[in-house]
Every structure is written in structure tokens, then in C-alpha cells.
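As stored in data39.tsv (TSV, C-alpha atoms):
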```tsv
chain	number	residue	atom	x	y	z
D	1	MET	CA	-38.90	55.69	49.09
D	2	ALA	CA	-42.52	56.64	48.37
D	3	MET	CA	-44.18	55.43	45.20
D	4	ILE	CA	-45.47	58.25	43.01
D	5	ALA	CA	-48.85	57.89	41.32
D	6	PRO	CA	-48.32	57.25	37.59
D	7	ASP	CA	-50.30	60.35	36.57
D	8	LYS	CA	-48.15	62.54	38.80
D	9	LEU	CA	-44.86	61.00	37.71
D	10	ARG	CA	-44.69	62.94	34.44
D	11	GLN	CA	-45.32	66.19	36.30
D	12	ARG	CA	-42.64	65.37	38.88
D	13	ALA	CA	-40.21	64.35	36.16
D	14	LEU	CA	-40.79	67.61	34.31
D	15	ARG	CA	-40.23	69.56	37.52
D	16	ALA	CA	-37.04	67.58	38.19
D	17	TYR	CA	-35.85	68.41	34.68
D	18	GLU	CA	-36.50	72.14	35.10
D	19	TRP	CA	-34.83	72.19	38.53
D	20	GLY	CA	-31.86	70.35	37.09
D	21	ARG	CA	-31.59	72.91	34.31
D	22	LEU	CA	-31.79	75.78	36.79
D	23	LYS	CA	-29.02	74.31	38.96
D	24	HIS	CA	-26.88	73.63	35.93
D	25	ALA	CA	-27.52	77.20	34.70
D	26	ALA	CA	-26.44	78.62	38.06
D	27	VAL	CA	-23.20	76.64	37.82
D	28	LYS	CA	-22.55	77.81	34.26
D	29	ALA	CA	-23.19	81.44	35.19
D	30	TRP	CA	-20.33	81.48	37.73
D	31	PRO	CA	-18.13	83.90	35.68
D	32	ALA	CA	-20.70	86.60	36.47
D	33	LEU	CA	-19.97	86.21	40.18
D	34	LEU	CA	-16.23	86.21	39.53
D	35	LEU	CA	-16.43	89.42	37.48
D	36	THR	CA	-18.64	91.03	40.14
D	37	SER	CA	-16.13	90.18	42.87
D	38	ILE	CA	-13.20	91.54	40.85
D	39	SER	CA	-15.18	94.63	39.95
D	40	TRP	CA	-16.08	95.23	43.59
D	41	TRP	CA	-12.44	94.72	44.63
D	42	LEU	CA	-10.97	96.98	41.92
D	43	CYS	CA	-13.56	99.70	41.50
D	44	HIS	CA	-14.59	100.28	45.13
D	45	GLU	CA	-18.19	100.83	44.05
D	46	PRO	CA	-19.93	97.92	45.82
D	47	GLY	CA	-23.47	99.14	45.17
D	48	LEU	CA	-23.00	99.57	41.45
D	49	SER	CA	-20.91	96.40	41.11
D	50	PHE	CA	-23.55	94.28	42.86
D	51	ALA	CA	-26.41	95.86	40.91
D	52	ILE	CA	-24.76	95.26	37.54
D	53	GLY	CA	-23.26	91.89	38.58
D	54	GLY	CA	-26.58	90.71	40.02
D	55	SER	CA	-28.39	91.61	36.79
D	56	LEU	CA	-25.71	89.80	34.77
D	57	PHE	CA	-25.96	86.69	36.97
D	58	ALA	CA	-29.77	86.64	36.80
D	59	LEU	CA	-29.76	87.18	33.03
D	60	ALA	CA	-27.12	84.49	32.46
D	61	ILE	CA	-29.04	81.99	34.62
D	62	GLY	CA	-32.24	82.76	32.73
D	63	LEU	CA	-30.61	82.29	29.33
D	64	PHE	CA	-28.75	79.11	30.30
D	65	TRP	CA	-31.92	77.72	31.86
D	66	TYR	CA	-33.97	78.44	28.73
D	67	GLY	CA	-31.40	76.67	26.55
D	68	ARG	CA	-31.17	76.55	22.76
D	69	VAL	CA	-29.94	79.72	20.99
D	70	PRO	CA	-30.22	82.00	24.08
D	71	ALA	CA	-27.94	79.61	26.01
D	72	LEU	CA	-25.40	79.65	23.18
D	73	ALA	CA	-25.65	83.44	23.20
D	74	ALA	CA	-25.08	83.58	26.95
D	75	ASN	CA	-22.01	81.38	26.56
D	76	ALA	CA	-20.54	83.49	23.76
D	77	GLY	CA	-21.53	86.72	25.50
D	78	MET	CA	-19.87	85.62	28.72
D	79	LYS	CA	-16.61	84.82	26.92
D	80	ALA	CA	-16.62	88.06	24.96
D	81	GLY	CA	-17.69	89.87	28.13
D	82	MET	CA	-14.57	88.71	29.92
D	83	VAL	CA	-12.49	90.39	27.22
D	84	ALA	CA	-14.68	93.48	27.45
D	85	PHE	CA	-14.15	93.46	31.21
D	86	ALA	CA	-10.42	92.93	31.04
D	87	VAL	CA	-9.56	95.60	28.47
D	88	PRO	CA	-10.73	98.69	30.41
D	89	VAL	CA	-9.39	97.28	33.68
D	90	LEU	CA	-5.96	96.66	32.12
D	91	ALA	CA	-6.02	100.07	30.42
D	92	TYR	CA	-6.79	101.76	33.71
D	93	HIS	CA	-4.07	99.90	35.59
D	94	SER	CA	-1.44	99.98	32.87
D	95	TYR	CA	1.56	102.18	32.29
D	96	PHE	CA	-0.66	104.50	30.26
D	97	ALA	CA	-3.15	104.93	33.07
D	98	PRO	CA	-2.69	108.68	33.49
D	99	ASN	CA	-3.61	109.27	29.81
D	100	CYS	CA	-6.47	106.82	30.09
D	101	CYS	CA	-8.42	109.06	32.42
D	102	THR	CA	-9.09	111.81	29.93
D	103	LEU	CA	-12.59	111.73	28.50
D	104	SER	CA	-11.50	111.20	24.93
D	105	THR	CA	-9.07	108.34	25.74
D	106	MET	CA	-11.63	106.69	27.97
D	107	LEU	CA	-14.30	106.86	25.27
D	108	LEU	CA	-11.79	105.55	22.74
D	109	VAL	CA	-10.75	102.60	24.94
D	110	ASN	CA	-14.28	101.61	25.94
D	111	GLY	CA	-15.85	102.37	22.59
D	112	SER	CA	-13.28	100.41	20.59
D	113	CYS	CA	-13.44	97.54	23.07
D	114	GLY	CA	-17.24	97.43	22.68
D	115	LEU	CA	-16.84	97.68	18.91
D	116	GLY	CA	-14.37	94.78	18.89
D	117	VAL	CA	-16.64	92.62	21.02
D	118	GLY	CA	-19.59	93.43	18.77
D	119	VAL	CA	-17.64	92.42	15.66
D	120	LEU	CA	-16.52	89.18	17.36
D	121	LEU	CA	-20.11	88.30	18.26
D	122	SER	CA	-21.34	89.15	14.77
D	123	ILE	CA	-18.76	86.76	13.32
D	124	GLU	CA	-19.70	84.08	15.85
D	125	SER	CA	-23.38	84.39	14.99
D	126	ALA	CA	-22.73	83.86	11.27
D	127	PRO	CA	-22.65	80.02	11.22
D	128	LEU	CA	-26.01	79.75	13.04
D	129	GLN	CA	-28.84	78.51	10.85
D	130	ILE	CA	-31.66	80.10	12.83
D	131	GLN	CA	-32.27	82.98	15.22
D	132	ARG	CA	-28.98	84.70	14.46
D	133	ASN	CA	-30.34	88.06	15.54
D	134	VAL	CA	-31.68	86.60	18.78
D	135	PHE	CA	-28.18	85.23	19.39
D	136	LEU	CA	-26.63	88.59	18.59
D	137	LEU	CA	-29.05	90.47	20.83
D	138	PHE	CA	-28.59	88.27	23.91
D	139	ALA	CA	-24.85	87.81	23.44
D	140	SER	CA	-24.39	91.58	23.06
D	141	VAL	CA	-26.42	92.30	26.18
D	142	VAL	CA	-24.45	89.76	28.24
D	143	ALA	CA	-21.10	91.00	26.87
D	144	SER	CA	-22.06	94.65	27.41
D	145	ILE	CA	-23.11	94.07	31.01
D	146	SER	CA	-19.90	92.11	31.67
D	147	GLY	CA	-17.88	94.91	30.12
D	148	MET	CA	-19.79	97.48	32.16
D	149	LEU	CA	-18.51	95.82	35.34
D	150	GLY	CA	-15.01	96.79	34.22
D	151	CYS	CA	-16.12	100.20	33.02
D	152	ILE	CA	-17.37	101.20	36.47
D	153	LEU	CA	-13.80	102.44	36.90
D	154	PHE	CA	-14.57	105.16	34.37
D	155	GLY	CA	-18.00	106.09	35.69
D	156	PRO	CA	-21.23	106.54	33.66
D	157	MET	CA	-19.36	107.76	30.56
D	158	GLY	CA	-17.35	104.55	30.51
D	159	LEU	CA	-20.51	102.46	30.74
D	160	ALA	CA	-22.11	104.44	27.92
D	161	GLY	CA	-18.99	104.13	25.76
D	162	MET	CA	-18.91	100.36	26.04
D	163	ALA	CA	-22.65	100.00	25.33
D	164	ALA	CA	-22.41	102.34	22.35
D	165	GLY	CA	-19.44	100.38	20.95
D	166	VAL	CA	-21.28	97.04	21.10
D	167	LEU	CA	-24.44	98.60	19.65
D	168	LEU	CA	-22.52	100.22	16.83
D	169	ALA	CA	-20.96	96.90	15.84
D	170	THR	CA	-23.99	94.63	16.14
D	171	ALA	CA	-26.95	96.79	15.14
D	172	PRO	CA	-25.93	97.23	11.46
D	173	VAL	CA	-25.33	93.45	11.15
D	174	ALA	CA	-28.73	92.66	12.66
D	175	ILE	CA	-30.51	95.24	10.47
D	176	TYR	CA	-28.74	93.98	7.35
D	177	ARG	CA	-29.68	90.37	8.10
D	178	HIS	CA	-33.26	91.33	8.88
D	179	ALA	CA	-33.52	93.21	5.58
D	180	HIS	CA	-32.16	90.22	3.63
D	181	ALA	CA	-34.19	87.58	5.50
Y	1	MET	CA	-34.61	48.23	22.26
Y	2	ASP	CA	-33.90	48.32	18.52
Y	3	GLU	CA	-31.20	50.43	16.92
Y	4	ALA	CA	-33.59	53.05	15.50
Y	5	THR	CA	-35.24	53.67	18.89
Y	6	ARG	CA	-31.85	53.85	20.51
Y	7	ASN	CA	-30.61	56.44	18.01
Y	8	LEU	CA	-33.81	58.40	18.44
Y	9	LEU	CA	-33.33	58.33	22.21
Y	10	ASN	CA	-29.78	59.64	21.75
Y	11	ARG	CA	-31.01	62.47	19.54
Y	12	ASN	CA	-33.86	63.34	21.90
Y	13	MET	CA	-31.61	63.29	24.95
Y	14	ALA	CA	-29.13	65.63	23.22
Y	15	ALA	CA	-32.03	67.92	22.25
Y	16	LEU	CA	-33.36	67.90	25.82
Y	17	ALA	CA	-29.89	68.74	27.11
Y	18	ASP	CA	-29.94	71.75	24.78
Y	19	GLY	CA	-33.27	72.84	26.25
Y	20	GLU	CA	-35.62	71.46	23.60
Y	21	ARG	CA	-38.67	70.74	25.79
Y	22	ARG	CA	-40.48	68.93	22.96
Y	23	ALA	CA	-38.05	66.04	23.43
Y	24	PHE	CA	-39.25	65.48	27.00
Y	25	ASP	CA	-42.33	63.36	26.30
Y	26	PRO	CA	-40.70	61.00	23.78
Y	27	ILE	CA	-37.85	60.38	26.24
Y	28	TYR	CA	-40.26	59.84	29.08
Y	29	ARG	CA	-42.31	57.36	27.06
Y	30	THR	CA	-39.24	55.47	25.83
Y	31	LEU	CA	-37.26	55.31	29.04
Y	32	TRP	CA	-39.97	54.41	31.54
Y	33	PRO	CA	-40.68	50.82	30.38
Y	34	VAL	CA	-36.98	50.18	29.71
Y	35	LEU	CA	-36.03	51.30	33.21
Y	36	VAL	CA	-38.76	49.21	34.85
Y	37	ARG	CA	-37.61	46.12	32.93
Y	38	PHE	CA	-33.97	46.79	33.69
Y	39	VAL	CA	-34.48	47.28	37.43
Y	40	ALA	CA	-36.84	44.30	37.49
Y	41	VAL	CA	-33.96	42.16	36.18
Y	42	LEU	CA	-31.83	43.38	39.07
Y	43	SER	CA	-34.45	43.14	41.81
Y	44	THR	CA	-36.99	40.56	40.51
Y	45	ASP	CA	-39.68	42.37	42.48
Y	46	ARG	CA	-41.96	44.31	40.13
Y	47	MET	CA	-43.17	46.72	42.83
Y	48	ILE	CA	-39.66	47.54	44.02
Y	49	ALA	CA	-38.55	47.78	40.40
Y	50	GLU	CA	-41.22	50.38	39.61
Y	51	ASP	CA	-40.35	52.30	42.74
Y	52	ILE	CA	-36.63	52.41	41.94
Y	53	ALA	CA	-37.32	53.08	38.25
Y	54	GLN	CA	-39.38	56.13	39.25
Y	55	GLN	CA	-36.51	57.51	41.33
Y	56	ALA	CA	-34.07	56.71	38.53
Y	57	LEU	CA	-36.25	58.46	35.96
Y	58	LEU	CA	-36.45	61.59	38.14
Y	59	ARG	CA	-32.69	61.51	38.57
Y	60	ILE	CA	-32.03	60.98	34.85
Y	61	LEU	CA	-34.28	63.84	33.82
Y	62	GLY	CA	-32.86	66.01	36.61
Y	63	ARG	CA	-29.42	65.48	35.11
Y	64	ALA	CA	-30.55	65.64	31.48
Y	65	SER	CA	-29.02	69.09	30.98
Y	66	THR	CA	-25.57	67.67	31.80
Y	67	PHE	CA	-25.92	64.82	29.30
Y	68	ASP	CA	-22.81	64.43	27.15
Y	69	ARG	CA	-23.92	63.86	23.54
Y	70	THR	CA	-20.87	61.69	22.82
Y	71	GLN	CA	-22.26	59.09	25.24
Y	72	ASP	CA	-25.01	56.57	24.62
Y	73	ALA	CA	-28.22	57.80	26.27
Y	74	LEU	CA	-29.45	54.30	27.10
Y	75	ALA	CA	-26.18	53.19	28.74
Y	76	TRP	CA	-26.03	56.50	30.62
Y	77	SER	CA	-29.60	56.07	31.86
Y	78	MET	CA	-28.99	52.45	32.84
Y	79	THR	CA	-25.91	53.46	34.83
Y	80	ILE	CA	-27.99	55.95	36.79
Y	81	ALA	CA	-30.68	53.31	37.33
Y	82	ALA	CA	-28.08	50.78	38.51
Y	83	ASN	CA	-26.67	53.36	40.91
Y	84	GLU	CA	-30.17	54.08	42.17
Y	85	TYR	CA	-30.71	50.36	42.76
Y	86	ARG	CA	-27.38	50.15	44.59
Y	87	SER	CA	-28.36	53.10	46.81
Y	88	TYR	CA	-31.66	51.40	47.52
Y	89	ARG	CA	-29.85	48.19	48.49
Y	90	ARG	CA	-27.47	50.10	50.73
Y	91	LYS	CA	-30.34	52.00	52.32
Y	92	PHE	CA	-32.45	48.94	52.99
Y	93	GLY	CA	-29.90	46.66	54.55
Y	94	ASN	CA	-27.68	45.23	51.87
Y	95	ARG	CA	-25.18	43.79	54.28
Y	96	ALA	CA	-22.19	42.06	52.85
Y	97	ALA	CA	-22.12	38.65	54.42
Y	98	ASP	CA	-19.08	36.89	55.81
Y	99	PRO	CA	-17.63	34.71	53.03
Y	100	ARG	CA	-17.94	31.68	55.30
Y	101	GLU	CA	-21.71	32.12	55.40
Y	102	TRP	CA	-21.84	31.40	51.67
Y	103	ALA	CA	-19.95	28.10	51.89
Y	104	LEU	CA	-22.02	25.02	51.17
Y	105	PRO	CA	-20.80	22.21	53.42
Y	106	GLU	CA	-22.83	19.62	51.55
Y	107	PRO	CA	-25.39	19.51	48.75
Y	108	ILE	CA	-28.79	20.70	49.93
Y	109	HIS	CA	-32.18	19.73	48.54
Y	110	ASP	CA	-33.89	22.55	46.68
Y	111	ASP	CA	-37.09	22.62	48.69
Y	112	THR	CA	-35.64	22.96	52.19
Y	113	PRO	CA	-35.74	26.34	53.93
Y	114	GLU	CA	-31.95	26.29	54.16
Y	115	ALA	CA	-31.58	25.78	50.40
Y	116	ILE	CA	-34.05	28.56	49.71
Y	117	ALA	CA	-32.18	30.92	52.04
Y	118	VAL	CA	-28.82	30.07	50.44
Y	119	ARG	CA	-30.27	30.51	46.96
Y	120	ASP	CA	-31.75	33.88	47.92
Y	121	ASN	CA	-28.46	35.01	49.41
Y	122	LEU	CA	-26.55	33.98	46.32
Y	123	ARG	CA	-29.03	35.72	44.05
Y	124	ASP	CA	-28.81	38.93	46.10
Y	125	ALA	CA	-25.03	38.81	46.08
Y	126	ALA	CA	-24.95	38.27	42.31
Y	127	ARG	CA	-27.30	41.19	41.79
Y	128	ALA	CA	-25.23	43.46	44.00
Y	129	VAL	CA	-22.10	42.57	42.00
Y	130	ILE	CA	-23.87	43.06	38.66
Y	131	GLY	CA	-25.10	46.44	39.91
Y	132	GLN	CA	-21.45	47.52	40.33
Y	133	LEU	CA	-20.43	46.73	36.77
Y	134	ARG	CA	-19.44	49.48	34.35
Y	135	PRO	CA	-22.22	50.43	31.89
Y	136	GLN	CA	-20.47	48.85	28.88
Y	137	ASP	CA	-19.94	45.60	30.82
Y	138	LEU	CA	-23.50	45.66	32.09
Y	139	GLU	CA	-24.76	46.15	28.57
Y	140	VAL	CA	-23.09	43.00	27.21
Y	141	VAL	CA	-23.91	40.91	30.30
Y	142	VAL	CA	-27.61	41.86	30.09
Y	143	ALA	CA	-27.59	41.21	26.33
Y	144	ALA	CA	-25.99	37.80	26.83
Y	145	LEU	CA	-28.14	36.73	29.78
Y	146	TYR	CA	-31.50	37.79	28.42
Y	147	ASP	CA	-30.95	37.49	24.68
Y	148	SER	CA	-31.90	41.13	24.34
Y	149	GLN	CA	-30.71	43.67	21.78
Y	150	ARG	CA	-26.94	43.38	21.42
Y	151	PRO	CA	-24.71	46.44	21.19
Y	152	PRO	CA	-23.68	47.25	17.61
Y	153	LEU	CA	-20.55	45.08	17.53
Y	154	LEU	CA	-19.14	42.27	15.46
Y	155	ALA	CA	-19.69	38.82	16.99
Y	156	ALA	CA	-15.99	38.47	17.86
Y	157	ALA	CA	-15.88	41.92	19.48
Y	158	PHE	CA	-19.04	41.12	21.42
Y	159	ARG	CA	-17.50	37.83	22.66
Y	160	LYS	CA	-14.34	39.68	23.66
Y	161	ARG	CA	-16.30	42.31	25.55
Y	162	LEU	CA	-18.41	39.65	27.20
Y	163	GLN	CA	-15.26	37.80	28.25
Y	164	ARG	CA	-13.88	41.04	29.72
Y	165	ALA	CA	-17.20	41.75	31.47
Y	166	VAL	CA	-17.22	38.26	33.02
Y	167	ALA	CA	-13.63	38.76	34.19
Y	168	ASN	CA	-14.60	42.09	35.74
Y	169	THR	CA	-17.61	40.44	37.39
Y	170	ARG	CA	-15.31	37.80	38.90
Y	171	THR	CA	-12.95	40.50	40.20
Y	172	LEU	CA	-15.83	42.38	41.80
Y	173	TRP	CA	-17.18	39.16	43.29
Y	174	LYS	CA	-13.80	38.26	44.79
Y	175	ARG	CA	-13.43	41.76	46.19
Y	176	ARG	CA	-16.79	41.49	47.96
Y	177	HIS	CA	-16.97	37.84	48.89
Y	178	GLY	CA	-13.52	36.34	48.55
Y	179	HIS	CA	-12.95	33.37	46.26
Y	180	ASP	CA	-16.00	32.18	44.30
Y	181	ARG	CA	-15.30	28.48	44.93
Y	182	THR	CA	-16.23	26.87	48.20
Y	183	GLY	CA	-14.07	23.78	47.97
```
Structure encoded using C-alpha cells:
Amino acid sequence: MAMIAPDKLRQRALRAYEWGRLKHAAVKAWPALLLTSISWWLCHEPGLSFAIGGSLFALAIGLFWYGRVPALAANAGMKAGMVAFAVPVLAYHSYFAPNCCTLSTMLLVNGSCGLGVGVLLSIESAPLQIQRNVFLLFASVVASISGMLGCILFGPMGLAGMAAGVLLATAPVAIYRHAHA
Amino acid sequence: MDEATRNLLNRNMAALADGERRAFDPIYRTLWPVLVRFVAVLSTDRMIAEDIAQQALLRILGRASTFDRTQDALAWSMTIAANEYRSYRRKFGNRAADPREWALPEPIHDDTPEAIAVRDNLRDAARAVIGQLRPQDLEVVVAALYDSQRPPLLAAAFRKRLQRAVANTRTLWKRRHGHDRTG
């Protein structure tokens, strides 16, 4: 056990703290890997699944590592994102699957799912005292990317539908709050 | 450590766990002397104490993001420091001696090499056992032994906890070294 010079101890301690946070963030971001694996297994689009899943994992780690409101947002976004992931996947594999593949039904399923997630996140951001829009922004991005992993089944239109749904639900809330701030 | 400092440490540790980097320096400044004193009580060697306290501090801050805000930050930190001390002992030859080696066949004068060796062995064994205590037991034992800040308890509750801590210490001692009487 080597003694550390007192002036370097603070620096080492700070580094230990940041490393600890990063490791903890990687552990907390595990749902991103789970969703990526399921998406890869179900959608047979490994390239797209890994690209979207990798971005989600990196983003979640970054937000959890940073802490405070962004970490809360990542947590909420991840939970909402699981719902956003599950809905299109279930719709695609359900009894109604044949009807689900028409453009209008697909847009309806993904759009309303995104809309629902956006409303959920807007409600969840309400009790926060500060940085509610920051919360809403990060949570929406995480939830949208998670949902997109499920929407790969529907191709680019599915991805766009989900993103549009979340944006439609959260943007008016954020603008309203900003105007009344 | 007084109650106000302890509460502040709890608040700062919770803030640091949430990612509030401003809480880092106050925690660092508060914990460092406490850890050195605590490990010094266990090891009696100031140099070793500082060395172990440094490792403990790095470990505490490395785990700060997993801190559970329902726990007491000081007790949590002391548990990590006690574990660090135990690891150090294990690493640097903390061999459990045969119970017969501890038996005193006859009273020995204090200044003989044999008496010094026996005393040192006993002290090391006591420290190793204290290092294995649960944080809440350790807290009351340290408070009782060194007249330091007592946990926020009524006198009767403190006595009860101390009694339980002493009983736990005896159990640990017996588990490591057999019966604590040599007769």
C-alpha cells in the first residue's frame, strides 16, 4: 500500500469519485443493452439496432454519470422508454399484426405511443422545482430512442412516428412553461 | 463529531450521491481527520493509520454514488474504513493464533519481553475483533471507550446497545480465539 502525497490525495479522491460514478452509471444503464438485444433478436436489423442501442447506452451512461436532474430524466426516460419499446413490438406480434402493417395503422400505433409517453413524462416533470424543461428534454430523448428500438420493426416511418408523438406531447408543455417562467 | 457536523455530512453525502460536485470538498475536509483518528484507534500507528485512511477515503468516495441516504454517512464511512483496516491486516500477516498461545500460565512482569509480546498479541487480537463489529456496535463501543460523541440515544438505550455490542464482541472473540478465560 503506497502512501499518497497529501496534495495529490484530493485529486486521486476526485478521480475515484468520478470513476465510481461512471461504473455506477454503466450498471444503471443496463436496460439499454437489454432493449438492444431484444431489438436485434426481434427485428433482424443488427446494424440499426446496435447503432440506436449504442447511442442510447452512451447517452444513458452520460446522464447517469452527470447526476442531478439529467440522471432523474434518464431514469424516467428509461422506464417510459420500455413502455414505448413494448407497445409497437406487441402490436406487431399481436393478433392484429396484419392490420398493423398498413402505413396509417403503424403511424397511429407509434404516434399515439409516443404521445402517451410524452404526456407521462410531462406529468412526471411537474413536481420538480427546477430544470423541468431539462428533465423533459432528456427524458423524452431517452424514451424516444428506447421506443425507436422497437419501431425498427416498422422501418424509418415507424421511427419518425414515435419521435413525432413524443415531440407533440412534450414540446407544448415545455413552451408553455418557458413562457410562464 | 458533533450532531450538526454529522447532519451536514449526511446531507453532503446524499448530495454527492446525486452528483452535486460542490459537496465533494466539504466531505473530503470533514472525513479525512475523522478517518485518520478512527483508524489510529484501531492500529495505534499514526503512519499506518494515515495510509489506511487514505485507501478508505478513496474507497468511500469511489462508492459515494451508491450511498443510501437512509443510512448514516459517518457510520457507513467508518464501516468501509474498518473493512479497509481488516483487509490490511489480512494482507500483512494477521494470523489467527492458536488459542493455547494466548494462555498465561502465570503472572508475568510488565517489563519482560514475554509480557510485552503477550500484551501486543492481545492488543492485536482485540483490534481484529473490534474491526469485525457491525457499524452500530462499533459506534457505541468507540463512544464508550473514548468518551467521544455518543449516538443520539437515551442513556438507557445507549446502555442497552452497549451491552449488546459487548455481547457481540464476546461472541466474535470466542469464534476466533475460543473461550476468553484462561483458567
Tell me which protein, DNA and RNA residues are within 9 Å of Gly62 in chain D, counting only C-alpha atoms, leaving out same-chain ones fewer than 5 positions away, and put them as a CSV table (one decimal) with C-alpha atoms, keeping the file's coordinate frame.
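Saved the output as result.csv:
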```csv
chain,number,residue,atom,x,y,z
D,22,LEU,CA,-31.8,75.8,36.8
D,25,ALA,CA,-27.5,77.2,34.7
D,26,ALA,CA,-26.4,78.6,38.1
D,57,PHE,CA,-26.0,86.7,37.0
D,67,GLY,CA,-31.4,76.7,26.6
D,70,PRO,CA,-30.2,82.0,24.1
D,71,ALA,CA,-27.9,79.6,26.0
```
Could the residues of chain D that have an atom at most 6 Å from chain Y be listed as a Markdown table, each with its closest atom pair and the distance in Å to one decimal, counting only C-alpha atoms and ordered by chain and ascending residue number?
```
| residue | atom | partner | partner_atom | distance |
| --- | --- | --- | --- | --- |
| D:Met3 | CA | Y:Asp51 | CA | 5.5 |
| D:Ala13 | CA | Y:Leu58 | CA | 5.1 |
| D:Ala16 | CA | Y:Gly62 | CA | 4.7 |
| D:Tyr17 | CA | Y:Gly62 | CA | 4.3 |
| D:Gly20 | CA | Y:Gly62 | CA | 4.5 |
| D:Arg21 | CA | Y:Ser65 | CA | 5.7 |
| D:Gly67 | CA | Y:Gly19 | CA | 4.3 |
| D:Arg68 | CA | Y:Asp18 | CA | 5.4 |
```
**Asked** What's the 12 Å shell around Thr30 in chain Y, counting only C-alpha atoms, without same-chain residues fewer than 6 positions away, as a ChimeraX atom specification?
**Response** /Y:1-2,5-10,12-13,23-24,36-37,57,73-74,77
**Asked** Quick one, how far is CA of Val142 in chain D from CA of Val166 in chain D?
**Response**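 We find that CA of Val142 in chain D and CA of Val166 in chain D lie 10.7 Å from each other.
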**Request:** Can you work out the spacing between CA of Ser37 in chain D and CA of Leu149 in chain D in Å, to one decimal?
**Result:** 9.7 Å
**Message:** When you look at range 108-113 of chain D with a cut-off of 6 Å (counting all atoms listed in the file), what residues show up, excluding the ones that are within fewer than 6 positions of it in the same chain? I need them as JSON, numbers by chain.
**Reply:** {"D": [161, 162, 165]}
**Request:** For CA of Ser125 in chain D and CA of Asn75 in chain D, quote the distance in Å rounded to one decimal.
**Result:** 12.0 Å
**Prompt:** Which residue gives the smallest distance to His178 in chain D among D:Val141, D:Leu34, D:Val119, D:Arg132, with only C-alpha atoms counted?
**Reply:**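 Of D:Val141, D:Leu34, D:Val119, D:Arg132, the one nearest His178 in chain D, counting only C-alpha atoms, is D:Arg132.
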**Contact residues around Ser140 in chain D with all atoms listed in the file at 8 Å, ignoring same-chain residues under 5 positions, as a ChimeraX atom specification** = /D:77,118,121,166-167,170
**Prompt:** Quick one: residues within 8 Å of Leu56 in chain D, all atoms listed in the file counted, chain neighbours fewer than 6 positions away excluded, as a ChimeraX atom specification?
**Reply:** /D:32,142,145-146
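Ranking Y:Pro152, Y:Ala144, Y:Gly131, Y:Ala40 by their shortest atom-to-atom distance to Ala4 in chain Y, with only C-alpha atoms included, puts Y:Pro152 first.
Closest approach to Gly150 in chain D from the set D:Leu90, D:Ile4, D:Ala80, D:Ala60 is made by D:Leu90, with distances taken over all atoms listed in the file.
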**Prompt:** With all atoms listed in the file as the atoms that count, which of Y:Val41, Y:Val129, Y:Asp120, Y:Arg175 lies nearest to Leu145 in chain Y?
**Reply:** Y:Val41
**Nearest to Leu35 in chain D by atom-to-atom distance, counting all atoms listed in the file, from D:Ala179, D:Met82, D:Ala143, D:Ala51** = D:Met82
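Residue nearest Ala171 in chain D, chosen from D:Val134, D:Cys43, D:Val27, D:Leu159 and counting all atoms listed in the file: D:Val134.
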As a PDB file, in the coordinates of the input, please: range 22-34 of chain D completed to N, CA, C and O atoms.
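The result, stored in rebuild.pdb:
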```
ATOM      1  N   LEU D  22     -32.045  74.545  36.032  1.00  0.00           N
ATOM      2  CA  LEU D  22     -31.790  75.780  36.790  1.00  0.00           C
ATOM      3  C   LEU D  22     -30.469  75.666  37.568  1.00  0.00           C
ATOM      4  O   LEU D  22     -29.656  76.594  37.570  1.00  0.00           O
ATOM      5  N   LYS D  23     -30.256  74.500  38.186  1.00  0.00           N
ATOM      6  CA  LYS D  23     -29.020  74.310  38.960  1.00  0.00           C
ATOM      7  C   LYS D  23     -27.809  74.346  38.035  1.00  0.00           C
ATOM      8  O   LYS D  23     -26.796  74.973  38.343  1.00  0.00           O
ATOM      9  N   HIS D  24     -27.973  73.670  36.899  1.00  0.00           N
ATOM     10  CA  HIS D  24     -26.880  73.630  35.930  1.00  0.00           C
ATOM     11  C   HIS D  24     -26.598  75.049  35.392  1.00  0.00           C
ATOM     12  O   HIS D  24     -25.436  75.431  35.207  1.00  0.00           O
ATOM     13  N   ALA D  25     -27.678  75.813  35.189  1.00  0.00           N
ATOM     14  CA  ALA D  25     -27.520  77.200  34.700  1.00  0.00           C
ATOM     15  C   ALA D  25     -26.775  78.041  35.731  1.00  0.00           C
ATOM     16  O   ALA D  25     -25.900  78.834  35.373  1.00  0.00           O
ATOM     17  N   ALA D  26     -27.106  77.849  37.003  1.00  0.00           N
ATOM     18  CA  ALA D  26     -26.440  78.620  38.060  1.00  0.00           C
ATOM     19  C   ALA D  26     -24.940  78.295  38.088  1.00  0.00           C
ATOM     20  O   ALA D  26     -24.114  79.176  38.310  1.00  0.00           O
ATOM     21  N   VAL D  27     -24.618  77.030  37.833  1.00  0.00           N
ATOM     22  CA  VAL D  27     -23.200  76.640  37.820  1.00  0.00           C
ATOM     23  C   VAL D  27     -22.490  77.276  36.615  1.00  0.00           C
ATOM     24  O   VAL D  27     -21.372  77.783  36.739  1.00  0.00           O
ATOM     25  N   LYS D  28     -23.188  77.269  35.465  1.00  0.00           N
ATOM     26  CA  LYS D  28     -22.550  77.810  34.260  1.00  0.00           C
ATOM     27  C   LYS D  28     -22.412  79.335  34.298  1.00  0.00           C
ATOM     28  O   LYS D  28     -21.597  79.903  33.571  1.00  0.00           O
ATOM     29  N   ALA D  29     -23.225  79.969  35.137  1.00  0.00           N
ATOM     30  CA  ALA D  29     -23.190  81.440  35.190  1.00  0.00           C
ATOM     31  C   ALA D  29     -22.147  81.959  36.193  1.00  0.00           C
ATOM     32  O   ALA D  29     -22.119  83.155  36.479  1.00  0.00           O
ATOM     33  N   TRP D  30     -21.279  81.067  36.703  1.00  0.00           N
ATOM     34  CA  TRP D  30     -20.330  81.480  37.730  1.00  0.00           C
ATOM     35  C   TRP D  30     -19.397  82.625  37.306  1.00  0.00           C
ATOM     36  O   TRP D  30     -19.013  83.436  38.154  1.00  0.00           O
ATOM     37  N   PRO D  31     -19.019  82.776  36.013  1.00  0.00           N
ATOM     38  CA  PRO D  31     -18.130  83.900  35.680  1.00  0.00           C
ATOM     39  C   PRO D  31     -18.734  85.248  36.074  1.00  0.00           C
ATOM     40  O   PRO D  31     -17.995  86.192  36.373  1.00  0.00           O
ATOM     41  N   ALA D  32     -20.060  85.330  36.080  1.00  0.00           N
ATOM     42  CA  ALA D  32     -20.700  86.600  36.470  1.00  0.00           C
ATOM     43  C   ALA D  32     -20.342  86.950  37.903  1.00  0.00           C
ATOM     44  O   ALA D  32     -20.062  88.123  38.213  1.00  0.00           O
ATOM     45  N   LEU D  33     -20.311  85.955  38.773  1.00  0.00           N
ATOM     46  CA  LEU D  33     -19.970  86.210  40.180  1.00  0.00           C
ATOM     47  C   LEU D  33     -18.494  86.587  40.305  1.00  0.00           C
ATOM     48  O   LEU D  33     -18.135  87.461  41.092  1.00  0.00           O
ATOM     49  N   LEU D  34     -17.672  85.921  39.500  1.00  0.00           N
ATOM     50  CA  LEU D  34     -16.230  86.210  39.530  1.00  0.00           C
ATOM     51  C   LEU D  34     -15.974  87.656  39.099  1.00  0.00           C
ATOM     52  O   LEU D  34     -15.247  88.402  39.763  1.00  0.00           O
TER      53      LEU D  34
END
```
